[in-house]
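Listing of protein-v8.txt; format and content: compact mmCIF, C-alpha atoms (C1' of nucleotides).
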# COMPACT_ATOMS: atom_id res chain seq x y z
CA MET V 1 0.00 0.00 0.00
CA ARG V 2 1.21 3.45 -0.90
CA LEU V 3 0.38 6.18 1.64
CA ALA V 4 1.04 9.89 1.09
CA THR V 5 0.52 13.22 2.84
CA TRP V 6 0.46 16.69 1.35
CA ASN V 7 -0.30 20.20 2.55
CA VAL V 8 -1.96 21.39 -0.69
CA ASN V 9 -2.63 25.00 0.32
CA SER V 10 -6.19 25.02 -1.16
CA ILE V 11 -7.67 21.94 -2.80
CA ARG V 12 -9.80 24.01 -5.16
CA SER V 13 -6.81 25.78 -6.69
CA ARG V 14 -4.81 22.55 -6.94
CA ALA V 15 -7.26 19.74 -7.68
CA ASP V 16 -5.67 19.04 -11.07
CA ARG V 17 -2.21 18.74 -9.54
CA VAL V 18 -3.54 16.40 -6.85
CA ALA V 19 -5.21 14.16 -9.43
CA ALA V 20 -2.03 14.03 -11.51
CA PHE V 21 0.02 13.28 -8.40
CA LEU V 22 -2.24 10.37 -7.39
CA GLN V 23 -1.85 8.80 -10.81
CA ARG V 24 1.85 9.54 -11.25
CA HIS V 25 2.74 7.82 -7.98
CA ASP V 26 -0.02 5.20 -7.95
CA VAL V 27 -1.10 6.40 -4.49
CA ASP V 28 -3.66 4.36 -2.51
CA VAL V 29 -4.29 6.74 0.39
CA LEU V 30 -3.62 10.47 0.41
CA ALA V 31 -3.98 12.70 3.46
CA LEU V 32 -4.40 16.39 2.66
CA GLN V 33 -3.98 19.46 4.83
CA GLU V 34 -4.97 23.09 4.30
CA THR V 35 -7.80 22.33 1.90
CA LYS V 36 -9.06 25.86 2.69
CA CYS V 37 -12.70 25.10 2.00
CA ARG V 38 -15.96 23.96 3.56
CA ASP V 39 -17.18 20.41 3.04
CA ASP V 40 -19.72 21.55 0.43
CA GLN V 41 -16.92 23.19 -1.60
CA PHE V 42 -14.62 20.16 -1.82
CA PRO V 43 -14.21 18.95 -5.44
CA GLU V 44 -15.16 15.40 -4.52
CA MET V 45 -16.50 14.26 -7.89
CA MET V 46 -13.12 14.65 -9.50
CA PHE V 47 -11.59 12.07 -7.14
CA ASP V 48 -14.68 9.87 -7.30
CA ALA V 49 -14.01 9.56 -11.00
CA LEU V 50 -10.48 8.33 -10.27
CA GLY V 51 -11.76 5.67 -7.88
CA TYR V 52 -11.13 7.40 -4.56
CA GLU V 53 -13.50 7.79 -1.65
CA VAL V 54 -13.24 11.15 0.11
CA ALA V 55 -13.58 12.24 3.72
CA HIS V 56 -13.15 15.91 4.53
CA VAL V 57 -13.68 18.33 7.37
CA GLY V 58 -13.59 22.06 6.76
CA HIS V 59 -15.62 24.79 8.44
CA SER V 60 -14.34 27.89 6.63
CA GLN V 61 -11.53 29.12 4.40
CA TRP V 62 -9.01 28.21 7.10
CA ASN V 63 -7.42 24.84 7.81
CA GLY V 64 -9.34 21.85 6.42
CA VAL V 65 -8.09 18.25 6.29
CA ALA V 66 -9.06 15.34 4.06
CA ILE V 67 -8.32 11.69 3.33
CA LEU V 68 -8.66 10.18 -0.15
CA SER V 69 -8.60 6.39 -0.36
CA ARG V 70 -9.10 3.69 -2.96
CA VAL V 71 -8.62 0.87 -0.41
CA GLY V 72 -11.61 1.64 1.79
CA LEU V 73 -12.51 4.54 4.05
CA GLU V 74 -14.23 3.55 7.27
CA ASP V 75 -14.97 4.86 10.76
CA VAL V 76 -14.34 8.50 9.90
CA GLU V 77 -13.73 10.77 12.89
CA ILE V 78 -13.33 14.52 12.88
CA ASP V 79 -11.29 15.59 15.89
CA PHE V 80 -9.13 13.20 17.90
CA PRO V 81 -10.30 12.52 21.47
CA GLY V 82 -9.27 15.44 23.64
CA GLN V 83 -8.42 17.73 20.73
CA PRO V 84 -8.26 21.28 22.13
CA CYS V 85 -10.46 24.06 20.82
CA TRP V 86 -8.92 27.33 19.71
CA SER V 87 -10.05 29.80 22.33
CA GLY V 88 -7.65 32.67 21.67
CA GLY V 89 -10.08 34.54 19.47
CA GLY V 90 -11.12 36.89 22.25
CA ALA V 91 -13.11 36.81 25.44
CA GLY V 92 -16.84 36.55 25.15
CA VAL V 93 -16.82 34.84 21.79
CA ALA V 94 -17.66 31.30 22.79
CA ASP V 95 -17.16 29.13 19.73
CA GLN V 96 -16.46 25.69 21.08
CA GLN V 97 -16.18 23.98 17.70
CA THR V 98 -12.71 22.52 17.23
CA GLU V 99 -10.75 23.72 14.23
CA ALA V 100 -10.63 21.44 11.18
CA ARG V 101 -7.13 20.11 11.86
CA ALA V 102 -7.56 16.36 12.39
CA LEU V 103 -9.38 13.66 10.47
CA GLY V 104 -9.14 9.94 11.10
CA ALA V 105 -10.23 7.02 8.93
CA THR V 106 -9.40 3.35 8.53
CA CYS V 107 -8.03 2.64 5.06
CA GLY V 108 -6.83 -0.79 4.01
CA GLY V 109 -6.43 -1.84 7.63
CA VAL V 110 -4.47 1.25 8.65
CA ARG V 111 -5.85 3.89 10.99
CA VAL V 112 -4.80 7.06 9.18
CA TRP V 113 -4.87 10.50 10.81
CA SER V 114 -4.50 13.57 8.59
CA LEU V 115 -3.11 16.26 10.88
CA TYR V 116 -2.58 19.98 10.48
CA VAL V 117 -0.72 21.06 13.62
CA PRO V 118 -1.30 24.72 14.59
CA ASN V 119 1.42 27.02 13.25
CA GLY V 120 2.16 28.84 16.51
CA ARG V 121 2.80 32.19 14.80
CA THR V 122 5.32 33.57 17.34
CA LEU V 123 6.79 32.36 20.62
CA THR V 124 4.68 34.83 22.60
CA ASP V 125 1.39 34.38 20.73
CA PRO V 126 -1.54 32.54 22.38
CA HIS V 127 -1.47 30.39 19.26
CA TYR V 128 1.93 29.05 20.34
CA THR V 129 0.48 27.82 23.65
CA TYR V 130 -2.41 26.33 21.73
CA LYS V 131 0.08 24.50 19.48
CA LEU V 132 1.85 22.92 22.46
CA GLU V 133 -1.45 21.93 24.11
CA TRP V 134 -2.67 20.47 20.85
CA LEU V 135 0.47 18.33 20.52
CA ALA V 136 0.33 17.22 24.17
CA ALA V 137 -3.30 16.14 23.74
CA LEU V 138 -2.39 14.22 20.58
CA ARG V 139 0.45 12.50 22.36
CA ALA V 140 -1.83 11.44 25.23
CA THR V 141 -4.51 10.10 22.92
CA ALA V 142 -2.16 8.34 20.50
CA GLY V 143 -0.25 6.86 23.45
CA ASP V 144 -3.54 5.42 24.73
CA TRP V 145 -4.22 3.77 21.39
CA LEU V 146 -0.89 1.94 21.54
CA ALA V 147 -1.32 1.05 25.22
CA LYS V 148 -4.63 -0.60 24.37
CA ASP V 149 -3.28 -2.34 21.27
CA PRO V 150 0.52 -2.46 20.82
CA GLU V 151 0.01 -4.11 17.42
CA ALA V 152 -2.22 -1.32 16.08
CA GLN V 153 -1.54 -0.10 12.55
CA VAL V 154 -1.61 3.67 13.01
CA ALA V 155 -0.23 6.43 10.79
CA LEU V 156 0.00 10.01 12.09
CA VAL V 157 0.65 12.05 8.98
CA GLY V 158 0.60 15.66 7.96
CA ASP V 159 2.01 19.13 8.44
CA TRP V 160 3.52 19.17 11.92
CA ASN V 161 4.84 22.73 11.70
CA ILE V 162 7.96 21.59 13.56
CA ALA V 163 11.50 21.06 12.30
CA PRO V 164 12.70 18.42 14.81
CA GLN V 165 16.41 18.63 13.99
CA ASP V 166 18.81 21.45 13.12
CA ASP V 167 19.37 19.79 9.74
CA ASP V 168 15.67 20.21 9.04
CA VAL V 169 16.13 23.91 8.24
CA TRP V 170 18.62 25.46 5.84
CA ASP V 171 20.18 27.79 8.40
CA MET V 172 19.52 27.67 12.13
CA SER V 173 20.72 31.25 12.55
CA ALA V 174 17.73 32.37 10.48
CA PHE V 175 15.44 30.82 13.12
CA ALA V 176 16.67 32.50 16.28
CA HIS V 177 13.66 33.22 18.50
CA SER V 178 11.21 31.79 15.99
CA THR V 179 8.67 29.00 16.04
CA HIS V 180 9.10 25.54 14.47
CA VAL V 181 12.55 24.96 16.02
CA SER V 182 12.00 25.97 19.68
CA ALA V 183 12.87 23.51 22.43
CA PRO V 184 9.25 23.10 23.65
CA GLU V 185 8.01 22.35 20.14
CA ARG V 186 10.78 19.84 19.54
CA ALA V 187 10.08 18.24 22.92
CA ALA V 188 6.40 17.94 22.02
CA PHE V 189 7.31 16.22 18.76
CA ARG V 190 9.84 13.95 20.47
CA ALA V 191 7.20 12.94 23.02
CA ILE V 192 5.07 11.55 20.22
CA VAL V 193 8.06 9.67 18.80
CA ASP V 194 8.82 8.38 22.32
CA ALA V 195 5.20 7.23 22.62
CA GLY V 196 6.01 4.77 19.81
CA PHE V 197 5.50 6.66 16.55
CA ALA V 198 8.55 6.59 14.30
CA ASP V 199 9.38 8.79 11.32
CA VAL V 200 9.19 6.18 8.55
CA VAL V 201 10.43 8.51 5.81
CA ARG V 202 13.71 9.89 7.16
CA PRO V 203 15.61 6.58 6.86
CA PHE V 204 14.87 6.63 3.12
CA ALA V 205 15.39 10.39 2.70
CA PRO V 206 18.19 11.43 5.03
CA GLY V 207 19.37 15.02 5.31
CA PRO V 208 20.93 17.45 5.41
CA GLY V 209 19.26 19.61 2.80
CA VAL V 210 16.14 17.46 2.48
CA TYR V 211 12.99 19.51 2.97
CA THR V 212 9.22 19.35 2.48
CA TYR V 213 8.39 23.08 2.56
CA TRP V 214 9.79 26.20 0.93
CA ASP V 215 8.27 29.64 1.51
CA TYR V 216 6.82 31.26 -1.60
CA VAL V 217 8.68 34.47 -0.88
CA ARG V 218 12.34 35.32 -1.25
CA LEU V 219 13.10 32.61 -3.81
CA ARG V 220 13.33 29.98 -1.08
CA PHE V 221 12.82 27.04 -3.43
CA PRO V 222 15.42 27.85 -6.10
CA ARG V 223 17.82 28.80 -3.32
CA ARG V 224 17.14 25.42 -1.69
CA GLU V 225 16.20 27.15 1.55
CA GLY V 226 13.49 24.93 2.97
CA MET V 227 12.24 23.15 6.06
CA ARG V 228 11.36 19.53 6.81
CA ILE V 229 8.06 19.89 8.65
CA ASP V 230 5.80 17.27 7.01
CA PHE V 231 6.06 13.77 8.46
CA ILE V 232 4.63 10.29 8.30
CA LEU V 233 4.87 8.76 11.77
CA GLY V 234 4.02 5.09 12.17
CA SER V 235 3.17 2.84 15.10
CA PRO V 236 5.66 -0.04 15.55
CA ALA V 237 3.54 -2.47 13.51
CA LEU V 238 3.15 0.07 10.72
CA ALA V 239 6.76 1.27 10.75
CA ALA V 240 7.94 -2.33 10.33
CA ARG V 241 6.19 -2.40 6.94
CA ALA V 242 7.89 0.68 5.44
CA SER V 243 9.92 -0.50 2.46
CA ARG V 244 10.67 2.79 0.70
CA ALA V 245 9.75 6.46 0.91
CA LEU V 246 10.29 9.72 -0.91
CA ILE V 247 9.60 13.43 -0.86
CA ASP V 248 8.29 14.52 -4.26
CA ARG V 249 10.38 17.66 -4.66
CA GLU V 250 9.39 17.89 -8.33
CA GLU V 251 5.87 18.79 -7.22
CA ARG V 252 7.14 22.07 -5.74
CA LYS V 253 8.28 23.24 -9.18
CA GLY V 254 6.47 25.39 -11.71
CA LYS V 255 3.47 27.64 -11.71
CA GLY V 256 0.65 26.69 -9.38
CA ALA V 257 2.72 24.63 -6.93
CA SER V 258 1.83 24.32 -3.26
CA ASP V 259 4.50 25.61 -0.91
CA HIS V 260 4.74 22.03 0.47
CA ALA V 261 5.90 18.90 -1.35
CA PRO V 262 4.07 15.57 -0.94
CA VAL V 263 5.63 12.82 1.19
CA ILE V 264 5.08 9.17 0.26
CA VAL V 265 5.76 5.84 1.95
CA GLU V 266 5.40 2.33 0.55
CA LEU V 267 4.09 -0.24 3.03
CA ALA V 268 4.77 -3.94 2.44
CA ASP V 269 1.73 -6.23 2.59
C1' DA U 1 16.31 47.27 -1.01
C1' DT U 2 13.31 46.18 6.37
C1' DG U 3 11.25 43.72 1.01
C1' DG U 4 8.71 39.45 -1.00
C1' DT U 5 4.19 35.36 -2.69
C1' DA U 6 -0.04 32.85 -2.45
C1' DG U 7 -5.02 31.96 -1.30
C1' DC U 8 -9.48 33.36 0.23
C1' DG U 9 -12.81 36.70 -0.31
C1' DA U 10 -13.74 41.40 0.03
C1' DT U 11 -9.55 44.41 3.02
C1' DG U 12 -7.23 42.14 5.98
C1' DC U 13 -5.75 37.55 7.68
C1' DT U 14 -3.03 33.61 7.57
C1' DA U 15 1.00 31.26 6.40

As structure tokens, what does this structure read like?
Amino acid sequence: MRLATWNVNSIRSRADRVAAFLQRHDVDVLALQETKCRDDQFPEMMFDALGYEVAHVGHSQWNGVAILSRVGLEDVEIDFPGQPCWSGGGAGVADQQTEARALGATCGGVRVWSLYVPNGRTLTDPHYTYKLEWLAALRATAGDWLAKDPEAQVALVGDWNIAPQDDDVWDMSAFAHSTHVSAPERAAFRAIVDAGFADVVRPFAPGPGVYTYWDYVRLRFPRREGMRIDFILGSPALAARASRALIDREERKGKGASDHAPVIVELAD
DNA sequence: ATGGTAGCGATGCTA
């Protein structure tokens, strides 16, 4: 089974690229982040026609996560248990709906979670605290899943908005006092790895200089100034099946590219 | 040169 994840930065503006990507790489399951649309706006028919079932959650033009699968799509959940709500929008505005940042479904025997971790914005922003709480809640919940079933086939995939190692950015000095590389964020990521979820892509795509994201501005892509922030983490039973993996850097090229490249792993039967 | 790009949706917000 071939499993991929991709922050598409709007599914409506990139549906053609997504369809071409699915076919080019013969992908079975694709997790998407930043679809930037409501459920009723998702171009579902296009993927229907290619043989994929679609699950999506999106409440507005922000966030939005989806899973496309041609090997079954069952037991869809929006939100993971304990997922925090964003409550930094101001006192008095009580909107308790969680943001559209997590979607789970069972595809071909694998419990797949498409995750869009909060960005954090700056180290002093309430959004940064929210990011750390969000990751801590995910760690607690995912740890419970493995405690209940150590053999579970679970994939935690998506845009983590964290560069776990210094090699995961082009120049650490450019990230002094910024998010994505701070010690608390890296500790939150490591806690999920320590809970039993391994990066199944890095062994097949070692750094340095291997990235999944390049800012649109300042010629980051041609200058090869990127960040590795998109990951496929697998439970022990899932990680044992990883036979190859790649980051599709070609997809970042040309007009109409997302600022993120897709990440793919091949899982042995 | 204190900038620049992209997307949504309506002017500023998010990344």

Original post:
By how many Å are CA of Val110 (chain V) and CA of Ile232 (chain V) apart?
Top reply: 12.8 Å

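The interatomic distance for the pair CA of Val18 (chain V) and CA of Gln153 (chain V) works out to 25.5 Å.
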
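You will find CA of Ala55 (chain V) at 16.1 Å from CA of Leu156 (chain V).
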
Per-residue nearest contacts of chain V to chain U (9 Å; all atoms listed in the file) as CSV:
residue,atom,partner,partner_atom,distance
V:Asn9,CA,U:DG7,C1',7.5
V:Ser10,CA,U:DG7,C1',7.0
V:Ser13,CA,U:DG7,C1',8.4
V:Lys36,CA,U:DC8,C1',7.9
V:Gln61,CA,U:DC8,C1',6.3
V:Trp62,CA,U:DT14,C1',8.1
V:Asn119,CA,U:DA15,C1',8.1
V:Arg121,CA,U:DA15,C1',8.6
V:Asp215,CA,U:DT5,C1',8.2
V:Tyr216,CA,U:DT5,C1',5.0
V:Val217,CA,U:DT5,C1',4.9
V:Arg218,CA,U:DG4,C1',5.5
V:Leu219,CA,U:DG4,C1',8.6
V:Ser258,CA,U:DA6,C1',8.8
V:Asp259,CA,U:DA6,C1',8.7

Subject >> Selected residue of minimal separation from Gln33 (chain V) among V:Pro118, V:Gly226, V:Gly158, V:Gly72, counting only C-alpha atoms >> reply: V:Gly158

Subject >> Of the listed residues V:Phe189, V:Leu50, V:Arg101, V:Thr5, that which approaches Ile67 (chain V) most closely, counting only C-alpha atoms >> reply: V:Thr5

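Take the candidates V:Ile264, V:Ala155, V:Cys85, V:Val71 and check each one against Phe21 (chain V) using only C-alpha atoms; the shortest distance goes to V:Ile264.
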
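The residue that comes closest to Pro208 (chain V), out of V:Phe231, V:Trp170, V:Trp113, V:Trp134 and on the basis of all atoms listed in the file, is V:Trp170.
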
**OP:** Determine the nearest neighbour of His180 (chain V) from the options V:Gly196, V:Pro262, V:Gly120, V:Gly143, counting all atoms listed in the file.
**Re:** V:Gly120

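For Pro184 (chain V), the residues within 12 Å (counting all atoms listed in the file, excluding itself and residues fewer than 4 positions away along the chain) are Gly120, Leu123, Tyr128, Thr129, Lys131, Leu132, Glu133, Leu135, Ala136, Ile162, Ala163, Pro164, Ser178, Thr179, His180, Ala188, Phe189, Arg190 and Ala191 of chain V.
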
Missing atoms in region 31-42 of chain V should be modelled up to all heavy atoms and reported as a short mmCIF file (atom, residue, chain, number, x, y, z; two decimals), in the frame of the given file.
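Everything below was put into selection.cif:
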data_model
loop_
_atom_site.label_atom_id
_atom_site.label_comp_id
_atom_site.auth_asym_id
_atom_site.auth_seq_id
_atom_site.Cartn_x
_atom_site.Cartn_y
_atom_site.Cartn_z
N ALA V 31 -3.50 11.77 2.44
CA ALA V 31 -3.98 12.70 3.46
C ALA V 31 -3.63 14.12 3.01
O ALA V 31 -2.50 14.37 2.60
CB ALA V 31 -3.33 12.40 4.81
N LEU V 32 -4.61 15.00 3.08
CA LEU V 32 -4.40 16.39 2.66
C LEU V 32 -4.59 17.32 3.85
O LEU V 32 -5.42 17.07 4.72
CB LEU V 32 -5.42 16.77 1.57
CG LEU V 32 -5.31 16.03 0.24
CD1 LEU V 32 -6.51 16.34 -0.64
CD2 LEU V 32 -4.02 16.39 -0.47
N GLN V 33 -3.81 18.42 3.83
CA GLN V 33 -3.98 19.46 4.83
C GLN V 33 -4.10 20.82 4.12
O GLN V 33 -3.63 20.98 3.01
CB GLN V 33 -2.79 19.52 5.80
CG GLN V 33 -2.57 18.24 6.59
CD GLN V 33 -1.76 17.23 5.81
OE1 GLN V 33 -0.84 17.59 5.08
NE2 GLN V 33 -2.09 15.95 5.93
N GLU V 34 -4.70 21.75 4.82
CA GLU V 34 -4.97 23.09 4.30
C GLU V 34 -5.78 23.04 3.01
O GLU V 34 -5.38 23.63 2.00
CB GLU V 34 -3.69 23.91 4.13
CG GLU V 34 -3.23 24.57 5.42
CD GLU V 34 -2.48 25.88 5.19
OE1 GLU V 34 -3.16 26.93 5.16
OE2 GLU V 34 -1.26 25.84 5.05
N THR V 35 -6.91 22.34 3.06
CA THR V 35 -7.80 22.33 1.90
C THR V 35 -8.46 23.69 1.70
O THR V 35 -8.91 24.00 0.61
CB THR V 35 -8.88 21.25 2.07
OG1 THR V 35 -9.60 21.50 3.28
CG2 THR V 35 -8.25 19.87 2.11
N LYS V 36 -8.54 24.48 2.76
CA LYS V 36 -9.06 25.86 2.69
C LYS V 36 -10.45 25.94 2.08
O LYS V 36 -10.72 26.83 1.25
CB LYS V 36 -8.09 26.76 1.90
CG LYS V 36 -6.82 27.09 2.68
CD LYS V 36 -5.98 28.11 1.94
CE LYS V 36 -4.86 28.67 2.79
NZ LYS V 36 -3.98 29.58 2.05
N CYS V 37 -11.32 25.00 2.47
CA CYS V 37 -12.70 25.10 2.00
C CYS V 37 -13.64 24.40 2.97
O CYS V 37 -13.21 23.64 3.83
CB CYS V 37 -12.85 24.51 0.60
SG CYS V 37 -12.62 22.71 0.51
N ARG V 38 -14.94 24.69 2.82
CA ARG V 38 -15.96 23.96 3.56
C ARG V 38 -16.22 22.63 2.87
O ARG V 38 -15.90 22.44 1.70
CB ARG V 38 -17.27 24.78 3.60
CG ARG V 38 -17.16 26.13 4.28
CD ARG V 38 -18.54 26.78 4.37
NE ARG V 38 -19.22 26.80 3.07
CZ ARG V 38 -19.15 27.80 2.20
NH1 ARG V 38 -18.47 28.90 2.49
NH2 ARG V 38 -19.78 27.73 1.04
N ASP V 39 -16.89 21.74 3.60
CA ASP V 39 -17.18 20.41 3.04
C ASP V 39 -17.93 20.51 1.71
O ASP V 39 -17.64 19.77 0.77
CB ASP V 39 -18.01 19.60 4.04
CG ASP V 39 -17.22 19.24 5.30
OD1 ASP V 39 -15.99 19.34 5.28
OD2 ASP V 39 -17.86 18.85 6.29
N ASP V 40 -18.89 21.45 1.65
CA ASP V 40 -19.72 21.55 0.43
C ASP V 40 -18.94 22.11 -0.76
O ASP V 40 -19.43 22.08 -1.88
CB ASP V 40 -20.95 22.41 0.71
CG ASP V 40 -20.59 23.85 1.10
OD1 ASP V 40 -20.08 24.04 2.22
OD2 ASP V 40 -20.78 24.75 0.26
N GLN V 41 -17.73 22.62 -0.51
CA GLN V 41 -16.92 23.19 -1.60
C GLN V 41 -15.84 22.24 -2.11
O GLN V 41 -15.15 22.54 -3.07
CB GLN V 41 -16.24 24.48 -1.11
CG GLN V 41 -17.19 25.58 -0.69
CD GLN V 41 -16.44 26.74 -0.06
OE1 GLN V 41 -15.67 26.57 0.87
NE2 GLN V 41 -16.66 27.95 -0.57
N PHE V 42 -15.70 21.09 -1.46
CA PHE V 42 -14.62 20.16 -1.82
C PHE V 42 -14.93 19.51 -3.17
O PHE V 42 -16.02 18.99 -3.38
CB PHE V 42 -14.46 19.10 -0.74
CG PHE V 42 -13.18 18.32 -0.85
CD1 PHE V 42 -12.07 18.65 -0.07
CD2 PHE V 42 -13.07 17.25 -1.74
CE1 PHE V 42 -10.89 17.93 -0.18
CE2 PHE V 42 -11.89 16.53 -1.86
CZ PHE V 42 -10.79 16.87 -1.07
#
